[in-house]
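Structure file final-v6.pdb (PDB, C-alpha atoms, pLDDT in the B column) follows.
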ATOM      1  CA  MET A  30     265.246 174.634 136.051  1.00 49.00           C
ATOM      2  CA  SER A  31     268.955 173.725 136.156  1.00 52.00           C
ATOM      3  CA  PHE A  32     270.786 171.209 138.338  1.00 51.00           C
ATOM      4  CA  ALA A  33     272.266 174.126 140.348  1.00 58.00           C
ATOM      5  CA  ASP A  34     268.751 175.393 141.097  1.00 66.00           C
ATOM      6  CA  ILE A  35     267.319 171.965 141.965  1.00 78.00           C
ATOM      7  CA  SER A  36     270.205 170.541 144.018  1.00 81.00           C
ATOM      8  CA  PRO A  37     269.751 172.568 147.265  1.00 87.00           C
ATOM      9  CA  TYR A  38     265.991 171.933 147.194  1.00 88.00           C
ATOM     10  CA  LYS A  39     266.518 168.194 146.732  1.00 90.00           C
ATOM     11  CA  LYS A  40     268.941 168.196 149.664  1.00 91.00           C
ATOM     12  CA  GLU A  41     266.249 169.726 151.901  1.00 93.00           C
ATOM     13  CA  LEU A  42     263.671 167.211 150.653  1.00 94.00           C
ATOM     14  CA  ARG A  43     266.039 164.302 151.346  1.00 95.00           C
ATOM     15  CA  LYS A  44     266.495 165.397 154.949  1.00 96.00           C
ATOM     16  CA  TYR A  45     262.738 165.828 155.380  1.00 96.00           C
ATOM     17  CA  PHE A  46     261.901 162.362 154.018  1.00 96.00           C
ATOM     18  CA  LEU A  47     264.771 160.624 155.838  1.00 96.00           C
ATOM     19  CA  ASP A  48     263.572 162.122 159.144  1.00 97.00           C
ATOM     20  CA  LYS A  49     260.007 161.097 158.320  1.00 97.00           C
ATOM     21  CA  ARG A  50     261.136 157.548 157.479  1.00 96.00           C
ATOM     22  CA  ARG A  51     263.133 157.264 160.734  1.00 96.00           C
ATOM     23  CA  ALA A  52     259.934 158.088 162.646  1.00 97.00           C
ATOM     24  CA  LEU A  53     258.076 155.039 161.287  1.00 97.00           C
ATOM     25  CA  THR A  54     257.434 152.277 163.813  1.00 97.00           C
ATOM     26  CA  ARG A  55     258.272 148.642 163.198  1.00 97.00           C
ATOM     27  CA  ALA A  56     254.552 147.807 163.161  1.00 98.00           C
ATOM     28  CA  GLN A  57     253.816 150.525 160.581  1.00 97.00           C
ATOM     29  CA  ILE A  58     256.576 149.232 158.301  1.00 98.00           C
ATOM     30  CA  GLU A  59     255.432 145.603 158.562  1.00 97.00           C
ATOM     31  CA  VAL A  60     251.734 146.311 157.896  1.00 98.00           C
ATOM     32  CA  ALA A  61     252.393 148.713 155.004  1.00 98.00           C
ATOM     33  CA  SER A  62     255.078 146.429 153.490  1.00 98.00           C
ATOM     34  CA  GLU A  63     252.692 143.471 153.427  1.00 98.00           C
ATOM     35  CA  ALA A  64     250.090 145.570 151.585  1.00 98.00           C
ATOM     36  CA  VAL A  65     252.699 146.851 149.104  1.00 98.00           C
ATOM     37  CA  SER A  66     253.935 143.300 148.438  1.00 98.00           C
ATOM     38  CA  LYS A  67     250.392 142.075 147.779  1.00 98.00           C
ATOM     39  CA  ARG A  68     249.787 144.886 145.287  1.00 98.00           C
ATOM     40  CA  LEU A  69     253.090 144.145 143.563  1.00 98.00           C
ATOM     41  CA  ILE A  70     252.394 140.423 143.103  1.00 98.00           C
ATOM     42  CA  SER A  71     248.894 141.185 141.798  1.00 98.00           C
ATOM     43  CA  LEU A  72     250.275 143.222 138.870  1.00 98.00           C
ATOM     44  CA  PRO A  73     249.926 141.574 135.429  1.00 98.00           C
ATOM     45  CA  GLU A  74     253.465 142.851 134.774  1.00 97.00           C
ATOM     46  CA  PHE A  75     254.708 140.872 137.786  1.00 98.00           C
ATOM     47  CA  GLU A  76     252.887 137.747 136.614  1.00 97.00           C
ATOM     48  CA  ARG A  77     254.441 138.055 133.125  1.00 97.00           C
ATOM     49  CA  ALA A  78     257.947 138.887 134.357  1.00 98.00           C
ATOM     50  CA  ASP A  79     260.628 136.274 133.795  1.00 96.00           C
ATOM     51  CA  THR A  80     263.119 138.197 135.939  1.00 98.00           C
ATOM     52  CA  VAL A  81     262.438 140.599 138.812  1.00 98.00           C
ATOM     53  CA  LEU A  82     265.136 143.018 139.940  1.00 98.00           C
ATOM     54  CA  PHE A  83     264.525 143.738 143.622  1.00 98.00           C
ATOM     55  CA  PHE A  84     266.235 145.991 146.156  1.00 98.00           C
ATOM     56  CA  TYR A  85     267.119 144.935 149.683  1.00 97.00           C
ATOM     57  CA  PRO A  86     265.438 147.291 152.186  1.00 97.00           C
ATOM     58  CA  THR A  87     267.484 149.737 154.202  1.00 94.00           C
ATOM     59  CA  ARG A  88     266.603 152.749 156.384  1.00 92.00           C
ATOM     60  CA  ASN A  89     262.941 151.759 156.876  1.00 96.00           C
ATOM     61  CA  GLU A  90     262.246 151.202 153.171  1.00 97.00           C
ATOM     62  CA  PRO A  91     259.320 148.960 152.207  1.00 98.00           C
ATOM     63  CA  GLU A  92     260.191 145.307 152.842  1.00 98.00           C
ATOM     64  CA  LEU A  93     259.194 143.141 149.892  1.00 98.00           C
ATOM     65  CA  PHE A  94     260.069 139.732 151.339  1.00 97.00           C
ATOM     66  CA  ILE A  95     256.581 138.362 150.575  1.00 97.00           C
ATOM     67  CA  ALA A  96     256.907 139.362 146.914  1.00 98.00           C
ATOM     68  CA  MET A  97     260.441 137.941 146.752  1.00 98.00           C
ATOM     69  CA  ASP A  98     259.202 134.626 148.133  1.00 97.00           C
ATOM     70  CA  VAL A  99     256.280 134.506 145.673  1.00 98.00           C
ATOM     71  CA  ALA A 100     258.607 135.275 142.746  1.00 98.00           C
ATOM     72  CA  LEU A 101     260.908 132.408 143.709  1.00 97.00           C
ATOM     73  CA  LYS A 102     257.975 129.997 144.200  1.00 97.00           C
ATOM     74  CA  LYS A 103     256.667 130.909 140.741  1.00 97.00           C
ATOM     75  CA  GLY A 104     260.047 130.025 139.249  1.00 97.00           C
ATOM     76  CA  LYS A 105     261.041 133.570 138.378  1.00 98.00           C
ATOM     77  CA  SER A 106     264.649 134.674 138.455  1.00 98.00           C
ATOM     78  CA  ILE A 107     265.286 137.307 141.109  1.00 98.00           C
ATOM     79  CA  ALA A 108     268.278 139.602 141.255  1.00 98.00           C
ATOM     80  CA  PHE A 109     269.640 142.273 143.565  1.00 98.00           C
ATOM     81  CA  PRO A 110     272.048 145.126 142.851  1.00 98.00           C
ATOM     82  CA  ILE A 111     275.676 145.449 143.783  1.00 97.00           C
ATOM     83  CA  SER A 112     276.547 149.144 144.084  1.00 96.00           C
ATOM     84  CA  ARG A 113     279.777 149.839 142.202  1.00 96.00           C
ATOM     85  CA  THR A 114     281.190 152.908 143.943  1.00 94.00           C
ATOM     86  CA  ASP A 115     283.988 153.417 141.393  1.00 94.00           C
ATOM     87  CA  THR A 116     281.533 153.887 138.501  1.00 95.00           C
ATOM     88  CA  VAL A 117     278.408 154.736 140.572  1.00 94.00           C
ATOM     89  CA  THR A 118     276.495 152.011 138.724  1.00 95.00           C
ATOM     90  CA  LEU A 119     274.321 149.057 139.707  1.00 96.00           C
ATOM     91  CA  ASP A 120     275.376 145.541 138.771  1.00 96.00           C
ATOM     92  CA  PHE A 121     272.471 143.114 139.273  1.00 98.00           C
ATOM     93  CA  ARG A 122     273.204 139.492 140.175  1.00 98.00           C
ATOM     94  CA  LEU A 123     270.899 136.490 140.584  1.00 98.00           C
ATOM     95  CA  VAL A 124     270.171 134.757 143.872  1.00 98.00           C
ATOM     96  CA  SER A 125     268.173 131.599 144.494  1.00 96.00           C
ATOM     97  CA  VAL A 126     267.648 132.217 148.229  1.00 94.00           C
ATOM     98  CA  LEU A 127     267.918 135.413 150.265  1.00 94.00           C
ATOM     99  CA  ASP A 128     270.539 133.791 152.492  1.00 94.00           C
ATOM    100  CA  GLU A 129     272.997 134.253 149.602  1.00 96.00           C
ATOM    101  CA  LEU A 130     273.004 138.016 150.246  1.00 97.00           C
ATOM    102  CA  MET A 131     275.673 139.550 152.466  1.00 96.00           C
ATOM    103  CA  GLU A 132     276.314 143.019 153.819  1.00 96.00           C
ATOM    104  CA  GLY A 133     277.944 145.154 151.159  1.00 94.00           C
ATOM    105  CA  THR A 134     278.250 148.755 150.046  1.00 89.00           C
ATOM    106  CA  TYR A 135     276.501 151.292 152.310  1.00 91.00           C
ATOM    107  CA  GLY A 136     275.622 148.418 154.681  1.00 93.00           C
ATOM    108  CA  ILE A 137     273.007 147.093 152.210  1.00 95.00           C
ATOM    109  CA  TYR A 138     272.747 143.349 151.586  1.00 97.00           C
ATOM    110  CA  GLU A 139     274.076 142.377 148.141  1.00 97.00           C
ATOM    111  CA  PRO A 140     274.796 139.230 146.129  1.00 98.00           C
ATOM    112  CA  ALA A 141     278.327 137.918 145.710  1.00 96.00           C
ATOM    113  CA  ASP A 142     280.395 139.172 142.778  1.00 95.00           C
ATOM    114  CA  SER A 143     280.528 135.586 141.569  1.00 96.00           C
ATOM    115  CA  ALA A 144     276.716 135.242 141.378  1.00 97.00           C
ATOM    116  CA  PRO A 145     275.343 134.841 137.835  1.00 97.00           C
ATOM    117  CA  LEU A 146     274.108 137.764 135.780  1.00 97.00           C
ATOM    118  CA  PRO A 147     270.358 137.940 135.100  1.00 97.00           C
ATOM    119  CA  ILE A 148     268.949 137.823 131.594  1.00 95.00           C
ATOM    120  CA  ILE A 149     267.047 141.085 131.310  1.00 96.00           C
ATOM    121  CA  THR A 150     264.344 141.316 128.646  1.00 97.00           C
ATOM    122  CA  GLU A 151     261.370 143.571 127.878  1.00 97.00           C
ATOM    123  CA  SER A 152     259.259 141.389 130.182  1.00 97.00           C
ATOM    124  CA  SER A 153     261.613 141.912 133.139  1.00 98.00           C
ATOM    125  CA  LEU A 154     260.497 144.004 136.114  1.00 98.00           C
ATOM    126  CA  CYS A 155     262.695 146.407 138.079  1.00 98.00           C
ATOM    127  CA  VAL A 156     261.431 147.329 141.551  1.00 98.00           C
ATOM    128  CA  VAL A 157     262.792 150.785 142.339  1.00 98.00           C
ATOM    129  CA  PRO A 158     263.287 152.327 145.815  1.00 97.00           C
ATOM    130  CA  ALA A 159     263.231 156.048 146.603  1.00 96.00           C
ATOM    131  CA  LEU A 160     262.824 158.492 149.431  1.00 96.00           C
ATOM    132  CA  SER A 161     259.812 159.878 147.582  1.00 97.00           C
ATOM    133  CA  PHE A 162     257.961 159.609 144.265  1.00 97.00           C
ATOM    134  CA  ASP A 163     255.501 162.002 142.690  1.00 96.00           C
ATOM    135  CA  SER A 164     252.356 161.072 140.775  1.00 93.00           C
ATOM    136  CA  LYS A 165     254.208 161.340 137.451  1.00 95.00           C
ATOM    137  CA  GLY A 166     256.655 158.642 138.596  1.00 96.00           C
ATOM    138  CA  PHE A 167     259.658 160.904 139.175  1.00 96.00           C
ATOM    139  CA  ARG A 168     261.757 159.900 142.157  1.00 95.00           C
ATOM    140  CA  LEU A 169     263.868 161.480 144.833  1.00 95.00           C
ATOM    141  CA  GLY A 170     266.727 159.115 145.604  1.00 92.00           C
ATOM    142  CA  TYR A 171     269.558 159.316 148.094  1.00 90.00           C
ATOM    143  CA  GLY A 172     271.590 161.577 145.805  1.00 87.00           C
ATOM    144  CA  LYS A 173     274.227 159.267 144.372  1.00 90.00           C
ATOM    145  CA  GLY A 174     272.432 158.626 141.059  1.00 90.00           C
ATOM    146  CA  TYR A 175     272.682 154.819 140.876  1.00 94.00           C
ATOM    147  CA  TYR A 176     269.136 154.243 139.583  1.00 95.00           C
ATOM    148  CA  ASP A 177     269.342 157.421 137.473  1.00 92.00           C
ATOM    149  CA  ARG A 178     272.148 155.742 135.543  1.00 93.00           C
ATOM    150  CA  PHE A 179     270.494 152.310 135.425  1.00 96.00           C
ATOM    151  CA  LEU A 180     266.906 153.108 134.418  1.00 95.00           C
ATOM    152  CA  PRO A 181     267.672 154.649 130.990  1.00 94.00           C
ATOM    153  CA  THR A 182     269.316 151.349 129.987  1.00 94.00           C
ATOM    154  CA  PHE A 183     266.521 149.127 131.352  1.00 97.00           C
ATOM    155  CA  LYS A 184     264.055 147.932 128.685  1.00 95.00           C
ATOM    156  CA  GLY A 185     261.507 146.251 130.979  1.00 97.00           C
ATOM    157  CA  THR A 186     258.872 147.736 133.303  1.00 98.00           C
ATOM    158  CA  SER A 187     259.992 149.850 136.262  1.00 98.00           C
ATOM    159  CA  VAL A 188     257.889 149.868 139.431  1.00 98.00           C
ATOM    160  CA  GLY A 189     258.399 152.514 142.090  1.00 98.00           C
ATOM    161  CA  ILE A 190     257.707 151.348 145.647  1.00 98.00           C
ATOM    162  CA  ALA A 191     256.871 153.706 148.510  1.00 97.00           C
ATOM    163  CA  PHE A 192     254.548 154.141 151.455  1.00 98.00           C
ATOM    164  CA  ASP A 193     251.634 156.584 150.986  1.00 97.00           C
ATOM    165  CA  GLU A 194     253.164 159.311 153.119  1.00 96.00           C
ATOM    166  CA  PHE A 195     256.215 159.425 150.810  1.00 97.00           C
ATOM    167  CA  ILE A 196     254.281 160.385 147.692  1.00 96.00           C
ATOM    168  CA  SER A 197     254.841 164.042 146.827  1.00 94.00           C
ATOM    169  CA  HIS A 198     252.626 166.294 144.757  1.00 88.00           C
ATOM    170  CA  ASP A 199     255.439 167.377 142.448  1.00 90.00           C
ATOM    171  CA  LEU A 200     259.164 166.625 142.728  1.00 93.00           C
ATOM    172  CA  PRO A 201     261.829 168.706 141.004  1.00 89.00           C
ATOM    173  CA  ALA A 202     262.990 166.896 137.869  1.00 86.00           C
ATOM    174  CA  LEU A 203     265.476 167.554 135.105  1.00 82.00           C
ATOM    175  CA  PRO A 204     264.730 166.755 131.436  1.00 81.00           C
ATOM    176  CA  THR A 205     267.103 163.776 131.744  1.00 79.00           C
ATOM    177  CA  ASP A 206     265.221 162.206 134.698  1.00 86.00           C
ATOM    178  CA  ILE A 207     263.372 158.966 133.909  1.00 90.00           C
ATOM    179  CA  PRO A 208     260.054 158.351 135.694  1.00 95.00           C
ATOM    180  CA  VAL A 209     259.016 154.838 136.729  1.00 97.00           C
ATOM    181  CA  ASP A 210     256.238 153.164 134.710  1.00 97.00           C
ATOM    182  CA  ILE A 211     254.122 152.120 137.707  1.00 98.00           C
ATOM    183  CA  LEU A 212     253.918 153.411 141.262  1.00 98.00           C
ATOM    184  CA  ILE A 213     252.762 151.213 144.168  1.00 98.00           C
ATOM    185  CA  THR A 214     251.892 152.186 147.728  1.00 97.00           C
ATOM    186  CA  GLN A 215     250.019 150.257 150.397  1.00 97.00           C
ATOM    187  CA  THR A 216     246.717 151.750 149.210  1.00 97.00           C
ATOM    188  CA  GLY A 217     247.015 151.896 145.451  1.00 96.00           C
ATOM    189  CA  VAL A 218     248.630 151.305 142.079  1.00 97.00           C
ATOM    190  CA  LEU A 219     249.215 154.150 139.640  1.00 96.00           C
ATOM    191  CA  LYS A 220     250.314 153.679 136.020  1.00 94.00           C
ATOM    192  CA  THR A 221     252.384 156.746 135.253  1.00 91.00           C
ATOM    193  CA  LYS A 222     252.738 156.115 131.521  1.00 77.00           C
TER
END

Would you give me this structure, written as structure tokens?
Amino acid sequence: MSFADISPYKKELRKYFLDKRRALTRAQIEVASEAVSKRLISLPEFERADTVLFFYPTRNEPELFIAMDVALKKGKSIAFPISRTDTVTLDFRLVSVLDELMEGTYGIYEPADSAPLPIITESSLCVVPALSFDSKGFRLGYGKGYYDRFLPTFKGTSVGIAFDEFISHDLPALPTDIPVDILITQTGVLKTK
């Protein structure tokens, strides 16, 4: 299947999942996010990670503040992406407290340009957002391709984060798409590789 064939279908799926996400209540998000965070911090890969690359939640995404707090308390380095619109790439920067983040591109909280760069190794963990994942770890993003460009260069473990109702049976994927290594929802953990 070519990009031209997949693109209109992905556009329909994005609208469907965005509408579904908008319908979530605050209570649903908080309860499910706590469960997702607990599953994330229980991963051996999280325990081993020296650096964790998080995302800051937007548009009713899972909120991983518990996991962020645990990572900092365990002495791990945590970093968040800056979205570079000119190159459509992610530039991760370290923070020592969440208060260092400020509203940036697309209204998402980001670190300052002057924040230090993380040291990313094979033991690093990248927590990946999406509108939907399938059981093979393929993701449906917002359509800009930021994580599609980042993940092929990332040598650590990638962890997709979603609520149960945003797991699809089978998402359209191109041969160049990179699935995440692990998928976490509020009710389970799935190793995709």

> What would the list of residues within 12 Å of (274.4, 151.6, 154.3) (file frame) look like as a PyMOL selection string, if all atoms listed in the file are what count?
Replying inline: chain A and resi 85-89+112+132-139+171

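A straight line drawn from atom CA of A:Ala191 to atom CA of A:Ile95 is 15.5 Å long.
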
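Among the candidates A:Asp115, A:Glu74, A:Asp48, A:Glu194, the one nearest to A:Asp210 when counting all atoms listed in the file is A:Glu74.
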
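Closest approach to A:Lys40 from the set A:Met97, A:Ala56, A:Ile111, A:Leu169 is made by A:Leu169, with distances taken over all atoms listed in the file.
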
>> Using Å and a single decimal, report how far atom CA of A:Ile148 sits from atom CA of A:Val65.
In response: 25.5 Å

> Which distance in Å separates atom CA of A:Ser152 and atom CA of A:Val124, to one decimal?
Replying inline: 18.7 Å

> Hey, what's within 10 Å of A:Pro110 if we count only C-alpha atoms and toss same-chain stuff fewer than 6 positions away? As a PyMOL selection string, please?
Replying inline: chain A and resi 82-85+118-123+137-141+175

Contacts of A:Thr186 at 9 Å (all atoms listed in the file; same-chain gap of 4+ positions) as an mmCIF file with C-alpha atoms, in the coordinates of the input:
data_model
loop_
_atom_site.group_PDB
_atom_site.id
_atom_site.type_symbol
_atom_site.label_atom_id
_atom_site.label_comp_id
_atom_site.auth_asym_id
_atom_site.auth_seq_id
_atom_site.Cartn_x
_atom_site.Cartn_y
_atom_site.Cartn_z
ATOM 1 C CA GLU A 74 253.465 142.851 134.774
ATOM 2 C CA ALA A 78 257.947 138.887 134.357
ATOM 3 C CA GLU A 151 261.370 143.571 127.878
ATOM 4 C CA SER A 152 259.259 141.389 130.182
ATOM 5 C CA SER A 153 261.613 141.912 133.139
ATOM 6 C CA LEU A 154 260.497 144.004 136.114
ATOM 7 C CA CYS A 155 262.695 146.407 138.079
ATOM 8 C CA VAL A 156 261.431 147.329 141.551
ATOM 9 C CA VAL A 209 259.016 154.838 136.729
ATOM 10 C CA ASP A 210 256.238 153.164 134.710
ATOM 11 C CA ILE A 211 254.122 152.120 137.707
#

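Minimum atom-to-atom distances from A:Thr114, A:Thr216, A:Ser197, A:Ser187 to A:Gly174 were compared using only C-alpha atoms, and the lowest value belongs to A:Thr114.
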
> Selected by the PyMOL selection byres ((chain A and resi 202) around 10) in the shown coordinates: which residues, as a list in words?
Replying inline: Met30, Ser31, Phe32, Ile35, Lys39, Phe167, Arg168, Leu169, Asp199, Leu200, Pro201, Leu203, Pro204, Thr205, Asp206, Ile207 and Pro208 of chain A

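Using only C-alpha atoms, the nearest neighbour of A:Asp163 within the list A:Leu93, A:Val117, A:Leu219, A:Ile70 is A:Leu219.
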
>> Translate the PyMOL selection byres ((chain A and resi 192) around 10) into a concrete residue list for this structure, as a PyMOL selection string.
In response: chain A and resi 50+57-58+61-62+64-65+90-91+160-162+190-191+193-196+213-217

>> For this structure, which residues satisfy the selection - the PyMOL selection byres ((chain A and resi 126) around 10) - when it is evaluated on the file as given? I want them as a count of residues only.
In response: 11

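With distances restricted to all atoms listed in the file, A:Arg113 is the closest residue to A:Lys173 from A:Lys49, A:Arg68, A:Lys222, A:Arg113.
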
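Each of A:Pro37, A:Gly189, A:Pro181, A:Pro158 was compared to A:Val218 using only C-alpha atoms, and A:Gly189 turns out to be the nearest.
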